[in-house]
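K.L.:
Here's a structure for you.
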Amino acid sequence: MKKSSLKVIVWLALTGMTAASCVGSFPLFNKLASWNKDATGNKFLNELIFLVISPAYAICGTADLLVLNAIEFWTGDNPLASRVGTTRQVKGEDGLFYAVKTLKDGYEITNPDGKSYRFVYDRDNDAWLMETEGQARELFRFNEDGSIQTRTLAGESIRLTQDAAGLMQARLLLQGSCYAMR
């Protein structure tokens, strides 16, 4: 009786330790599931494939849980979740499509006219930069106190909080409102 109780306690402790640490992106498991959903045009055949390869789901889930999500937690990057070099077509609010290429340190956006803009994250300064036509301009930076440092359209340096009030202040400043608190 004591032996089975000990097994249950150990099992619960291990489950708690692995499940409570972080929820990662589970890229290996999700890639397998995505492939399985689109393996054929027939959902019944896809279900049959799922039943046949179900041990692969357990292996991928375990690898994600114990290895890949731990790497993602400690480094901030999951080796399988990386989309560096991929380009997607994104429809803008204007109804036009823009090419968005994922870079190692940011994104490159090409508008329908062919003009490109690079948005690059500068780790040293904890800031996002916009590069176009060989010119780089800092868009904003994260301050140690949790606020964001940016510039108004007039070039004035301001601090914004990372909450609804800061977002409202940024919107008012972009609209040129005189109601923005500085």
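Naming scheme: A, B, ... for chains in displayed order of the structure tokens; residues 1 onward per chain; ligands 1 onward as shown.
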According to DSSP computed on the backbone, where in stretch 44-144 of chain A is there strand (DSSP E)? Give the residues as a PyMOL selection string.
P.N.:
chain A and resi 87-91+97-102+106-110+116-122+127-132+135-142
K.L.:
Let's have the selection written as a short mmCIF file (atom, residue, chain, number, x, y, z; two decimals), in the first residue's frame, with N, CA and C atoms.
P.N.:
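File out.cif, as written:
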```
data_model
loop_
_atom_site.label_atom_id
_atom_site.label_comp_id
_atom_site.auth_asym_id
_atom_site.auth_seq_id
_atom_site.Cartn_x
_atom_site.Cartn_y
_atom_site.Cartn_z
N THR A 87 8.96 34.67 -45.55
CA THR A 87 8.24 35.87 -45.96
C THR A 87 6.76 35.54 -46.07
N ARG A 88 5.94 36.41 -45.49
CA ARG A 88 4.49 36.24 -45.56
C ARG A 88 3.88 37.47 -46.21
N GLN A 89 2.77 37.28 -46.87
CA GLN A 89 2.01 38.39 -47.44
C GLN A 89 0.95 38.79 -46.42
N VAL A 90 0.96 40.05 -45.99
CA VAL A 90 0.03 40.53 -44.99
C VAL A 90 -0.80 41.65 -45.59
N LYS A 91 -2.12 41.53 -45.43
CA LYS A 91 -3.01 42.56 -45.95
C LYS A 91 -3.08 43.71 -44.96
N PHE A 97 -1.42 44.41 -50.11
CA PHE A 97 -0.62 43.36 -49.49
C PHE A 97 0.83 43.80 -49.36
N TYR A 98 1.41 43.52 -48.20
CA TYR A 98 2.79 43.86 -47.88
C TYR A 98 3.56 42.57 -47.62
N ALA A 99 4.80 42.52 -48.09
CA ALA A 99 5.66 41.36 -47.84
C ALA A 99 6.39 41.59 -46.52
N VAL A 100 6.21 40.68 -45.56
CA VAL A 100 6.85 40.79 -44.25
C VAL A 100 7.81 39.63 -44.11
N LYS A 101 9.10 39.95 -44.10
CA LYS A 101 10.14 38.94 -43.97
C LYS A 101 10.68 38.95 -42.55
N THR A 102 10.75 37.78 -41.94
CA THR A 102 11.27 37.67 -40.57
C THR A 102 12.79 37.59 -40.63
N GLY A 106 14.71 41.14 -36.33
CA GLY A 106 13.56 42.00 -36.57
C GLY A 106 12.77 41.59 -37.80
N TYR A 107 12.31 42.60 -38.55
CA TYR A 107 11.45 42.36 -39.71
C TYR A 107 11.81 43.31 -40.83
N GLU A 108 11.60 42.86 -42.06
CA GLU A 108 11.72 43.72 -43.23
C GLU A 108 10.36 43.75 -43.91
N ILE A 109 9.82 44.94 -44.08
CA ILE A 109 8.50 45.09 -44.68
C ILE A 109 8.66 45.81 -46.01
N THR A 110 8.14 45.19 -47.05
CA THR A 110 8.20 45.78 -48.39
C THR A 110 6.78 46.12 -48.80
N SER A 116 11.31 49.24 -49.13
CA SER A 116 11.50 48.38 -47.97
C SER A 116 11.84 49.18 -46.72
N TYR A 117 11.34 48.70 -45.61
CA TYR A 117 11.63 49.24 -44.30
C TYR A 117 12.06 48.09 -43.42
N ARG A 118 13.13 48.29 -42.67
CA ARG A 118 13.59 47.26 -41.72
C ARG A 118 13.32 47.75 -40.31
N PHE A 119 12.72 46.90 -39.51
CA PHE A 119 12.51 47.17 -38.10
C PHE A 119 13.40 46.20 -37.34
N VAL A 120 14.41 46.75 -36.67
CA VAL A 120 15.46 45.94 -36.06
C VAL A 120 15.50 46.18 -34.56
N TYR A 121 15.63 45.09 -33.82
CA TYR A 121 15.74 45.19 -32.36
C TYR A 121 17.22 45.28 -31.98
N ASP A 122 17.57 46.33 -31.26
CA ASP A 122 18.93 46.56 -30.78
C ASP A 122 19.00 46.08 -29.33
N ALA A 127 16.13 48.63 -27.65
CA ALA A 127 15.38 49.58 -28.47
C ALA A 127 15.03 48.99 -29.83
N TRP A 128 13.97 49.52 -30.44
CA TRP A 128 13.59 49.16 -31.80
C TRP A 128 13.94 50.32 -32.72
N LEU A 129 14.61 49.98 -33.83
CA LEU A 129 15.04 50.96 -34.82
C LEU A 129 14.31 50.72 -36.14
N MET A 130 14.13 51.79 -36.92
CA MET A 130 13.61 51.66 -38.27
C MET A 130 14.71 52.10 -39.23
N GLU A 131 15.03 51.23 -40.18
CA GLU A 131 16.05 51.54 -41.17
C GLU A 131 15.39 51.63 -42.54
N THR A 132 15.68 52.70 -43.25
CA THR A 132 15.21 52.86 -44.62
C THR A 132 16.19 53.76 -45.37
N GLN A 135 19.38 54.94 -43.70
CA GLN A 135 19.24 55.75 -42.49
C GLN A 135 18.56 54.92 -41.40
N ALA A 136 19.08 55.02 -40.17
CA ALA A 136 18.47 54.32 -39.04
C ALA A 136 17.95 55.36 -38.05
N ARG A 137 16.74 55.10 -37.55
CA ARG A 137 16.12 56.01 -36.58
C ARG A 137 15.51 55.18 -35.47
N GLU A 138 15.80 55.57 -34.24
CA GLU A 138 15.22 54.86 -33.10
C GLU A 138 13.75 55.21 -32.98
N LEU A 139 12.90 54.18 -32.94
CA LEU A 139 11.47 54.39 -32.76
C LEU A 139 11.12 54.52 -31.28
N PHE A 140 11.60 53.58 -30.50
CA PHE A 140 11.39 53.64 -29.05
C PHE A 140 12.36 52.71 -28.36
N ARG A 141 12.51 52.92 -27.04
CA ARG A 141 13.35 52.05 -26.21
C ARG A 141 12.64 51.78 -24.90
N PHE A 142 12.98 50.65 -24.33
CA PHE A 142 12.42 50.26 -23.04
C PHE A 142 13.35 50.75 -21.94
#
```
K.L.:
DSSP on the backbone, then: every residue of chain A marked alpha helix (DSSP H), written as a VMD selection string.
P.N.:
chain A and resid 2 to 20 27 to 37 43 to 63 69 to 75 164 to 175
K.L.:
Using only C-alpha atoms, which of A:Ala33, A:Ala39, A:Ala165, A:Leu68 sits nearest A:Ser54?
P.N.:
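Ranked by minimum distance to A:Ser54, first place goes to A:Ala33.
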K.L.:
Hey, which of A:Ala56, A:Leu103, A:Ile71, A:Leu153 ends up closest to A:Arg83? Count only C-alpha atoms.
P.N.:
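Using only C-alpha atoms, A:Arg83 sits closest to A:Leu103.
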